[in-house]
>>> print(open('input.cif').read())   # mmCIF, C-alpha atoms
data_upload
#
loop_
_atom_site.label_atom_id
_atom_site.label_comp_id
_atom_site.auth_asym_id
_atom_site.auth_seq_id
_atom_site.Cartn_x
_atom_site.Cartn_y
_atom_site.Cartn_z
CA MET A 1 13.20 57.78 5.14
CA THR A 2 10.48 55.18 4.56
CA PRO A 3 10.87 52.21 6.87
CA VAL A 4 11.68 48.91 5.18
CA LEU A 5 8.92 47.22 7.15
CA GLU A 6 6.23 48.82 9.24
CA PHE A 7 3.37 47.36 11.27
CA GLN A 8 0.88 49.84 12.69
CA ASP A 9 -1.70 48.73 15.26
CA VAL A 10 -1.94 45.26 13.68
CA TRP A 11 -4.72 42.97 14.95
CA ARG A 12 -5.40 39.41 13.89
CA SER A 13 -7.38 36.45 15.16
CA TYR A 14 -8.11 32.97 13.79
CA GLY A 15 -11.81 32.07 13.52
CA THR A 16 -13.70 33.02 16.65
CA SER A 17 -10.85 32.53 19.11
CA ALA A 18 -9.26 35.36 21.05
CA PRO A 19 -7.00 37.58 18.92
CA VAL A 20 -3.37 36.51 18.56
CA LEU A 21 -2.19 40.03 17.75
CA LYS A 22 -3.71 42.95 19.62
CA GLY A 23 -2.28 46.14 18.24
CA VAL A 24 1.32 45.43 17.26
CA ASN A 25 3.51 48.40 16.34
CA LEU A 26 6.93 47.62 14.93
CA SER A 27 9.13 49.20 12.31
CA LEU A 28 12.45 48.38 10.73
CA ASP A 29 14.69 50.93 9.00
CA ALA A 30 17.05 50.12 6.14
CA GLY A 31 20.06 48.15 7.36
CA GLU A 32 18.48 47.40 10.72
CA VAL A 33 18.34 43.98 12.34
CA VAL A 34 15.46 42.95 14.58
CA GLY A 35 15.37 39.74 16.58
CA LEU A 36 11.75 38.83 17.23
CA VAL A 37 11.38 36.74 20.38
CA GLY A 38 8.40 35.44 22.30
CA ARG A 39 6.94 32.22 23.62
CA ASN A 40 5.26 29.65 21.40
CA GLY A 41 1.87 31.06 20.39
CA ALA A 42 2.96 34.66 21.00
CA GLY A 43 2.13 35.51 17.37
CA LYS A 44 5.62 35.75 15.84
CA THR A 45 4.76 33.63 12.81
CA THR A 46 1.37 35.35 12.37
CA LEU A 47 3.09 38.74 12.36
CA ILE A 48 5.72 37.57 9.87
CA ARG A 49 3.05 36.09 7.58
CA ILE A 50 1.18 39.39 7.64
CA GLY A 51 4.43 41.12 6.68
CA MET A 52 4.85 38.67 3.80
CA GLY A 53 1.30 39.31 2.57
CA MET A 54 0.29 35.71 3.30
CA LEU A 55 -2.34 36.84 5.82
CA TYR A 56 -4.44 39.99 6.07
CA PRO A 57 -4.44 41.98 9.26
CA HIS A 58 -7.98 42.32 10.64
CA ARG A 59 -7.19 45.83 11.73
CA GLY A 60 -4.27 48.18 11.29
CA SER A 61 -1.83 48.42 8.43
CA VAL A 62 1.38 46.85 7.18
CA ARG A 63 3.78 48.44 4.72
CA VAL A 64 6.85 46.90 3.12
CA PHE A 65 9.10 49.44 1.38
CA GLY A 66 6.06 51.73 1.75
CA MET A 67 3.84 49.34 -0.24
CA SER A 68 1.06 46.94 0.63
CA PRO A 69 2.39 43.35 0.62
CA THR A 70 -0.99 42.06 -0.61
CA GLU A 71 -1.90 44.67 -3.24
CA GLN A 72 1.62 45.12 -4.60
CA ALA A 73 2.72 41.57 -3.90
CA VAL A 74 5.08 41.15 -6.87
CA ALA A 75 6.88 44.46 -6.42
CA VAL A 76 7.35 43.69 -2.72
CA LYS A 77 8.39 40.03 -3.04
CA LYS A 78 11.13 40.87 -5.55
CA ARG A 79 12.90 42.73 -2.79
CA ILE A 80 12.35 40.22 0.05
CA GLY A 81 13.97 36.90 0.91
CA TYR A 82 11.98 34.62 3.20
CA VAL A 83 12.59 31.29 4.90
CA ALA A 84 9.85 29.73 7.01
CA GLU A 85 10.45 27.13 9.68
CA ASP A 86 8.12 24.66 7.96
CA GLN A 87 9.06 25.73 4.43
CA ALA A 88 7.23 23.34 2.08
CA LEU A 89 9.48 22.49 -0.87
CA PRO A 90 8.40 20.22 -3.75
CA PRO A 91 9.64 16.76 -2.64
CA ASP A 92 10.35 15.39 -6.12
CA SER A 93 12.35 18.38 -7.36
CA THR A 94 16.10 18.37 -7.21
CA VAL A 95 18.09 21.13 -5.54
CA ALA A 96 19.13 22.25 -9.04
CA ASP A 97 15.46 22.45 -10.21
CA LEU A 98 14.53 24.50 -7.19
CA ILE A 99 17.37 26.95 -7.75
CA ALA A 100 16.68 27.15 -11.51
CA PHE A 101 13.07 28.09 -10.71
CA HIS A 102 14.14 30.91 -8.38
CA ARG A 103 16.77 32.13 -10.80
CA TYR A 104 14.01 32.36 -13.44
CA LEU A 105 11.79 34.36 -11.06
CA PHE A 106 14.46 36.82 -9.99
CA PRO A 107 16.40 38.65 -12.73
CA GLY A 108 19.16 39.90 -10.40
CA TRP A 109 20.30 36.39 -9.41
CA ASP A 110 23.85 36.27 -8.06
CA ASP A 111 25.51 33.12 -9.46
CA ALA A 112 28.69 33.62 -7.46
CA MET A 113 26.74 33.75 -4.20
CA GLU A 114 24.81 30.64 -5.21
CA ARG A 115 28.07 28.73 -5.86
CA GLN A 116 29.58 29.90 -2.61
CA LEU A 117 26.57 28.88 -0.52
CA LEU A 118 26.13 25.50 -2.21
CA ASN A 119 29.79 24.80 -1.47
CA ARG A 120 29.59 26.00 2.11
CA PHE A 121 26.52 23.86 2.77
CA ALA A 122 27.94 20.95 0.72
CA LEU A 123 24.55 20.61 -1.00
CA ARG A 124 24.42 18.13 -3.88
CA GLU A 125 22.54 19.74 -6.74
CA GLY A 126 21.27 16.40 -8.05
CA ALA A 127 19.71 15.42 -4.71
CA LYS A 128 15.92 15.35 -4.52
CA ILE A 129 14.32 17.42 -1.80
CA ARG A 130 12.81 14.29 -0.22
CA GLN A 131 16.31 12.83 0.21
CA LEU A 132 17.57 15.85 2.14
CA SER A 133 17.78 16.05 5.90
CA LYS A 134 15.78 18.75 7.66
CA GLY A 135 18.89 20.91 7.92
CA GLN A 136 19.83 20.46 4.26
CA ALA A 137 16.28 21.31 3.13
CA ARG A 138 16.41 24.51 5.19
CA GLN A 139 19.81 25.32 3.65
CA ALA A 140 18.37 24.84 0.16
CA ALA A 141 15.54 27.20 1.09
CA LEU A 142 18.09 29.74 2.33
CA VAL A 143 20.04 29.62 -0.95
CA CYS A 144 16.77 30.31 -2.79
CA ALA A 145 15.93 33.16 -0.42
CA VAL A 146 19.17 35.16 -0.58
CA CYS A 147 20.75 34.81 -4.04
CA HIS A 148 18.58 37.55 -5.56
CA ARG A 149 20.24 39.82 -2.98
CA PRO A 150 17.07 40.94 -1.21
CA GLU A 151 16.98 44.26 0.64
CA LEU A 152 15.00 42.61 3.43
CA LEU A 153 15.56 39.09 4.72
CA ILE A 154 12.84 37.51 6.86
CA LEU A 155 13.75 34.34 8.72
CA ASP A 156 11.04 32.64 10.76
CA GLU A 157 12.82 30.51 13.35
CA PRO A 158 15.73 29.65 11.09
CA GLY A 159 17.29 27.53 13.85
CA GLY A 160 14.13 25.66 14.84
CA GLY A 161 14.81 21.93 15.12
CA LEU A 162 18.29 22.22 13.58
CA ASP A 163 21.62 21.10 14.98
CA PRO A 164 24.11 23.74 16.20
CA VAL A 165 26.33 23.43 13.11
CA VAL A 166 23.51 24.21 10.68
CA ARG A 167 22.30 27.02 12.93
CA ARG A 168 25.77 28.54 12.95
CA GLU A 169 25.94 28.32 9.14
CA PHE A 170 22.63 30.20 8.94
CA LEU A 171 24.02 32.88 11.24
CA GLU A 172 27.25 33.12 9.24
CA THR A 173 25.26 33.62 6.06
CA ALA A 174 23.09 36.30 7.66
CA ILE A 175 26.15 38.11 9.04
CA GLN A 176 27.87 37.94 5.68
CA LEU A 177 24.79 39.55 4.10
CA LEU A 178 24.83 42.26 6.76
CA ASN A 179 28.47 43.02 5.98
CA ARG A 180 28.43 42.80 2.22
CA GLU A 181 24.94 43.89 1.22
CA GLY A 182 23.68 45.91 4.18
CA THR A 183 20.57 43.72 4.17
CA SER A 184 17.83 44.50 6.70
CA ILE A 185 16.93 41.41 8.68
CA LEU A 186 13.87 40.38 10.70
CA PHE A 187 14.27 37.02 12.31
CA SER A 188 12.38 35.16 14.98
CA SER A 189 14.18 32.75 17.26
CA HIS A 190 14.07 30.85 20.53
CA HIS A 191 17.88 30.80 20.64
CA MET A 192 18.90 33.86 22.64
CA SER A 193 22.60 33.36 21.91
CA ASP A 194 21.80 33.61 18.18
CA VAL A 195 19.81 36.79 18.87
CA GLU A 196 22.83 38.20 20.74
CA ARG A 197 25.19 37.38 17.93
CA ILE A 198 23.13 38.91 15.17
CA GLY A 199 22.67 42.07 17.21
CA GLY A 200 20.44 45.00 16.43
CA ARG A 201 17.19 45.33 18.35
CA VAL A 202 15.42 42.71 20.34
CA VAL A 203 11.62 42.81 20.23
CA LEU A 204 9.59 40.71 22.65
CA LEU A 205 6.09 39.79 21.56
CA ASP A 206 3.84 38.85 24.47
CA GLY A 207 0.10 38.88 25.04
CA GLY A 208 -0.46 40.04 21.46
CA THR A 209 1.60 43.22 21.72
CA VAL A 210 5.20 44.37 21.75
CA ARG A 211 6.16 44.19 25.41
CA PHE A 212 9.80 45.19 24.97
CA ASP A 213 11.79 46.77 22.14
CA ARG A 214 15.41 47.71 22.87
CA ASP A 215 18.85 47.98 21.32
CA LEU A 216 20.78 44.85 22.25
CA ALA A 217 24.20 46.40 22.78
CA ALA A 218 22.80 48.71 25.46
CA LEU A 219 20.31 46.28 26.96
CA ARG A 220 22.65 44.66 29.48
CA GLU A 221 23.76 48.04 30.75
CA GLU A 222 20.31 49.62 30.95
CA VAL A 223 18.27 46.82 32.45
CA CYS A 224 18.87 44.54 35.42
CA VAL A 225 16.96 42.04 37.52
CA ALA A 226 16.33 42.74 41.20
CA MET A 227 15.79 39.96 43.72
CA ILE A 228 13.71 41.31 46.55
CA PRO A 229 13.16 39.27 49.72
CA GLY A 230 9.52 38.42 50.45
CA GLY A 231 7.72 39.18 53.70
CA HIS A 232 8.10 42.69 55.15
CA GLY A 233 4.50 43.33 54.02
CA ILE A 234 5.71 44.12 50.50
CA ASP A 235 3.49 43.19 47.58
CA ALA A 236 3.79 43.29 43.80
CA GLU A 237 1.99 46.63 43.63
CA ALA A 238 4.48 48.33 45.95
CA ILE A 239 7.36 47.06 43.83
CA GLY A 240 5.58 48.00 40.61
CA ARG A 241 5.30 51.61 41.83
CA ILE A 242 9.09 52.00 42.07
CA PRO A 243 10.20 54.19 39.15
CA GLY A 244 11.73 52.12 36.36
CA CYS A 245 10.02 48.86 37.26
CA ILE A 246 9.21 46.94 34.09
CA ARG A 247 7.79 43.73 35.54
CA VAL A 248 7.40 41.95 38.87
CA ARG A 249 6.76 38.27 39.52
CA PRO A 250 6.78 36.08 42.61
CA VAL A 251 9.50 33.43 42.79
CA PHE A 252 8.79 31.15 45.74
CA ASP A 253 8.91 33.48 48.77
CA ASP A 254 10.73 36.31 46.98
CA TRP A 255 10.09 38.74 44.18
CA HIS A 256 11.97 39.18 40.93
CA ALA A 257 11.65 42.57 39.27
CA VAL A 258 12.98 43.64 35.88
CA MET A 259 14.23 47.19 36.40
CA GLU A 260 15.54 50.05 34.30
CA GLY A 261 19.03 51.07 35.38
CA GLN A 262 22.43 49.70 36.35
CA PRO A 263 22.59 47.20 39.22
CA GLY A 264 24.30 49.36 41.89
CA GLU A 265 22.15 52.42 41.43
CA THR A 266 18.96 50.35 41.09
CA GLN A 267 19.70 48.44 44.28
CA ARG A 268 19.90 51.73 46.21
CA ARG A 269 16.72 53.02 44.55
CA ILE A 270 14.76 49.92 45.58
CA ALA A 271 16.15 49.79 49.11
CA ALA A 272 15.23 53.44 49.62
CA ALA A 273 11.73 53.03 48.20
CA LEU A 274 10.83 49.88 50.16
CA ARG A 275 12.98 50.62 53.21
CA ILE A 276 14.37 47.07 53.38
CA GLN A 277 17.72 45.36 53.20
CA GLY A 278 18.87 42.32 51.27
CA VAL A 279 17.91 43.52 47.80
CA ARG A 280 20.27 42.16 45.16
CA CYS A 281 20.49 43.45 41.58
CA VAL A 282 22.34 41.66 38.80
CA PRO A 283 22.91 42.26 35.11
CA VAL A 284 21.22 39.54 33.10
CA PRO A 285 22.00 37.64 29.93
CA LEU A 286 19.24 37.82 27.32
CA GLU A 287 17.97 34.32 28.06
CA GLU A 288 17.29 35.17 31.71
CA LEU A 289 15.74 38.50 30.79
CA PHE A 290 13.44 36.74 28.34
CA ILE A 291 12.28 34.34 31.04
CA GLU A 292 11.75 37.15 33.55
CA LEU A 293 9.65 39.08 31.05
CA ALA A 294 7.75 36.28 29.34
CA VAL A 295 6.97 33.71 32.04
CA ASP A 296 3.35 33.58 33.17
CA PRO A 297 2.96 35.41 36.46
CA VAL A 298 1.21 32.46 38.18
CA GLU A 299 1.52 31.90 41.89
CA GLN A 300 4.33 29.50 42.70
CA LEU A 301 3.52 26.25 44.51
CA GLN A 302 3.98 26.65 48.21
CA MET B 1 45.31 38.18 16.91
CA GLN B 2 42.56 35.79 17.93
CA PHE B 3 39.48 36.79 19.89
CA VAL B 4 36.86 34.72 21.67
CA VAL B 5 33.33 35.86 22.47
CA ASN B 6 30.65 34.23 24.57
CA PRO B 7 27.05 35.45 24.15
CA SER B 8 25.97 34.17 27.57
CA ASP B 9 28.78 35.92 29.46
CA ASP B 10 27.82 38.67 31.92
CA LEU B 11 29.61 41.25 29.77
CA PRO B 12 27.92 42.41 26.56
CA LEU B 13 29.70 41.23 23.39
CA TYR B 14 31.14 44.65 22.54
CA ARG B 15 32.68 44.93 26.02
CA GLN B 16 34.22 41.46 25.67
CA ILE B 17 35.98 42.69 22.52
CA MET B 18 37.07 45.94 24.20
CA ARG B 19 38.54 44.04 27.13
CA GLN B 20 40.51 41.65 24.94
CA ILE B 21 41.98 44.49 22.90
CA THR B 22 42.97 46.61 25.92
CA GLU B 23 44.53 43.55 27.57
CA ALA B 24 46.51 42.82 24.41
CA ILE B 25 47.73 46.42 24.30
CA ALA B 26 48.62 46.37 28.01
CA GLY B 27 50.61 43.15 27.59
CA GLY B 28 52.31 44.26 24.38
CA ARG B 29 50.73 41.52 22.25
CA LEU B 30 49.30 44.40 20.20
CA GLN B 31 52.03 46.93 19.42
CA ARG B 32 51.61 50.66 18.97
CA GLY B 33 50.71 51.38 15.37
CA GLU B 34 49.73 47.76 14.69
CA LYS B 35 46.78 47.24 12.35
CA LEU B 36 43.57 45.72 13.71
CA ALA B 37 41.12 43.51 11.82
CA SER B 38 38.43 45.48 9.97
CA HIS B 39 34.84 45.57 11.25
CA ARG B 40 33.90 43.14 8.54
CA GLU B 41 36.75 40.71 9.13
CA LEU B 42 36.15 40.55 12.87
CA SER B 43 32.37 40.35 12.44
CA GLU B 44 32.63 37.40 10.08
CA GLN B 45 35.39 35.72 12.07
CA LEU B 46 33.45 35.89 15.34
CA VAL B 47 29.97 35.53 13.76
CA ILE B 48 28.63 38.65 15.42
CA ALA B 49 26.94 41.73 13.98
CA PRO B 50 29.26 44.29 12.30
CA LEU B 51 27.60 46.99 14.40
CA THR B 52 28.76 45.23 17.57
CA VAL B 53 32.37 45.37 16.37
CA LYS B 54 31.89 49.01 15.37
CA LYS B 55 30.59 49.86 18.84
CA ALA B 56 33.63 48.24 20.47
CA TYR B 57 36.03 50.10 18.13
CA ASP B 58 34.19 53.42 18.54
CA GLU B 59 34.42 53.21 22.33
CA LEU B 60 38.11 52.25 22.21
CA GLU B 61 38.76 55.13 19.85
CA ALA B 62 36.95 57.57 22.16
CA LEU B 63 39.20 56.33 24.97
CA GLY B 64 42.26 56.91 22.80
CA TYR B 65 43.48 53.31 22.51
CA ILE B 66 42.98 52.96 18.79
CA GLU B 67 42.59 55.29 15.83
CA THR B 68 40.93 55.00 12.46
CA GLN B 69 42.76 56.33 9.43
CA ARG B 70 40.37 56.97 6.59
CA GLY B 71 40.76 54.46 3.81
CA ARG B 72 43.60 52.67 5.58
CA GLY B 73 41.98 50.92 8.51
CA THR B 74 42.14 50.88 12.29
CA PHE B 75 45.42 50.93 14.22
CA VAL B 76 46.59 50.83 17.81
CA SER B 77 47.30 54.46 18.73
CA ALA B 78 50.93 55.57 18.46
CA THR B 79 50.54 57.16 21.88
CA VAL B 80 48.34 54.97 24.02
CA PRO B 81 46.90 57.18 26.78
CA VAL B 82 48.54 56.78 30.16
CA THR B 83 45.70 56.79 32.67
CA ALA B 84 46.24 59.40 35.38
CA ARG B 85 48.63 57.44 37.56
CA LYS B 86 47.73 59.06 40.85
CA ARG B 87 44.01 58.35 40.54
CA GLN B 88 44.66 54.85 39.23
CA LEU B 89 46.99 54.05 42.13
CA GLY B 90 44.15 54.15 44.62
CA HIS B 91 42.12 51.67 42.58
CA LEU B 92 45.12 49.40 42.19
CA GLU B 93 45.90 49.36 45.92
CA GLU B 94 42.30 48.42 46.58
CA ALA B 95 42.39 45.68 43.94
CA ALA B 96 45.64 44.34 45.40
CA ARG B 97 44.11 44.19 48.91
CA LYS B 98 41.07 42.40 47.50
CA LEU B 99 43.23 39.88 45.64
CA LEU B 100 45.37 39.16 48.70
CA SER B 101 42.45 38.80 51.08
CA GLN B 102 40.69 36.40 48.73
CA ALA B 103 43.92 34.44 48.26
CA TYR B 104 44.46 34.16 52.05
CA LEU B 105 40.84 33.10 52.58
CA ALA B 106 41.39 30.39 49.97
CA GLY B 107 44.37 29.14 51.97
CA LEU B 108 47.07 30.49 49.64
CA SER B 109 50.34 31.93 50.90
CA PHE B 110 51.90 35.25 49.83
CA PRO B 111 54.28 33.50 47.37
CA ASP B 112 51.24 31.61 45.93
CA ALA B 113 49.53 34.97 45.30
CA VAL B 114 52.68 36.33 43.69
CA SER B 115 52.89 33.34 41.36
CA LEU B 116 49.25 34.00 40.39
CA LEU B 117 50.32 37.49 39.36
CA GLU B 118 53.26 36.08 37.43
CA GLU B 119 50.94 33.72 35.54
CA ALA B 120 48.58 36.61 34.74
CA ASP B 121 51.55 38.62 33.49
CA ARG B 122 52.64 35.80 31.18
CA GLU B 123 49.08 35.47 29.89
CA LEU B 124 48.80 39.20 29.17
CA ARG B 125 52.11 39.20 27.35
CA GLY B 126 51.28 36.02 25.46
CA ILE B 127 54.06 33.86 26.92
CA ALA B 128 53.46 30.14 27.50
CA PRO B 129 52.57 29.29 31.13
CA LEU B 130 55.40 28.06 33.37
CA GLN B 131 53.56 24.89 34.32
CA GLU B 132 50.41 23.10 33.26
CA LYS B 133 47.39 24.32 35.20
CA LYS B 134 46.15 21.71 37.59
#
>>> encode(input="input.cif", output="structure tokens")
Amino acid sequence: MTPVLEFQDVWRSYGTSAPVLKGVNLSLDAGEVVGLVGRNGAGKTTLIRIGMGMLYPHRGSVRVFGMSPTEQAVAVKKRIGYVAEDQALPPDSTVADLIAFHRYLFPGWDDAMERQLLNRFALREGAKIRQLSKGQARQAALVCAVCHRPELLILDEPGGGLDPVVRREFLETAIQLLNREGTSILFSSHHMSDVERIGGRVVLLDGGTVRFDRDLAALREEVCVAMIPGGHGIDAEAIGRIPGCIRVRPVFDDWHAVMEGQPGETQRRIAAALRIQGVRCVPVPLEELFIELAVDPVEQLQ
Amino acid sequence: MQFVVNPSDDLPLYRQIMRQITEAIAGGRLQRGEKLASHRELSEQLVIAPLTVKKAYDELEALGYIETQRGRGTFVSATVPVTARKRQLGHLEEAARKLLSQAYLAGLSFPDAVSLLEEADRELRGIAPLQEKK
């Protein structure tokens, strides 16, 4: 089966600065959900824009439904819904104008879905875009992005800068689409609880590549964080050599290591490898795991 | 029946659902043969992915607590499996010792510990607590 979205060895830089993306490989099958996470500047938006055909990759290839998003832009865009964090909407148009324009572009427009969403968001159709709050403008953009019932929905930080109520409404809409349409979804977010709710795979972009790509449901049971006491002549290299070690970083006088495996078994594995006591392994919520994996490994202040 | 999930809990979301369903079966709040919410209903009600609900239901079905009848929905099994009592007894004795030792260390008496168990029993069976929690 052709993946819905596929990035192969994608590279991209801006001007003469160091590349933002350095060989990203990522693919999404039909009906799959991927939560794209990473720190600011990790390249999430760049990757999404390449997927949307708004930027060219400097190297590598991108395919959407097996097609090139730049060369077959119309055929691809018909089947995608997209909401950007900084979505620029025409300020003098009304909500109704904006929707009429999208309905004209997309023949398969679902009027019932449009009604339902406008009601849920309590959006006034006569309101001009400039009169809308940030959250309302993003809701209007979402209505325009989903009512043609896209096979692939791409949301670039849908919750960015929005209050929890609007964020939850975005999630509800996405989950409704998952249930009723089987839509594939790629969304980037800094809200780990939203990533947990929407499920699927979590992909961490860091240093220009995919550092971590794992099914969310299994993540908490397959990965844990080990706290290893400092001293004892143990260094990061020794910890890194333990089988299943994903990342090590110093935290004050101790070490934190992200490890493959369940806490109990991992604790014994580490204690046996380093021949020390006082190792503690805990399962970690996504937010903590993200920090362990994505924080810069700088030396802590003494 | 109502469920609550918390994404930042130590337990993954699907396990939180599994635990709430098994507790409801144990306490009789879910009766044998009773119909459960569909994947879609529960997913939309809790605002979590339908696949997460499916995973919880699949695991519960593999354990024998619930069963799916094609085209009709998911039901609490007519014969909920009785876990091998002898093996379970050992675990329960250990859990009881742990509960009592923690209660004594917290300065509770034996009757205090028993009333904790009574409260837990009322909660499992869905009966209002005897007194307001302080």
>>> atom_distance(input="input.cif", atom1="CA of Leu205 (chain A)", atom2="CA of Lys22 (chain A)")
10.5 Å
>>> residues_around(input="input.cif", residues="Glu6 (chain A)", least_positions_apart="5", cutoff="8 Å", atoms="all atoms listed in the file", output="ChimeraX atom specification")
/A:25-28,62-64
>>> interface_residues(input="input.cif", of="chain A", to="chain B", cutoff="9 Å", atoms="only C-alpha atoms", output="number ranges by chain")
A: 168, 171-172, 175-176, 178-180, 192-194, 196-200, 216-221, 283-287
>>> residues_around(input="input.cif", residues="region 85-96 of chain B", least_positions_apart="3", cutoff="12 Å", atoms="only C-alpha atoms", output="count of residues only")
11
>>> residues_around(input="input.cif", residues="Ser77 (chain B)", least_positions_apart="2", cutoff="7 Å", atoms="only C-alpha atoms", output="list in words")
Arg32, Gly33, Gly64, Tyr65, Ile66, Glu67, Phe75, Thr79 and Val80 of chain B
>>> resolve_selection(input="input.cif", expression="the PyMOL selection byres ((chain A and resi 108) around 9)", output="PyMOL selection string")
chain A and resi 103+106-107+109-110+147-149
>>> atom_distance(input="input.cif", atom1="CA of Gln277 (chain A)", atom2="CA of Gly244 (chain A)")
19.1 Å
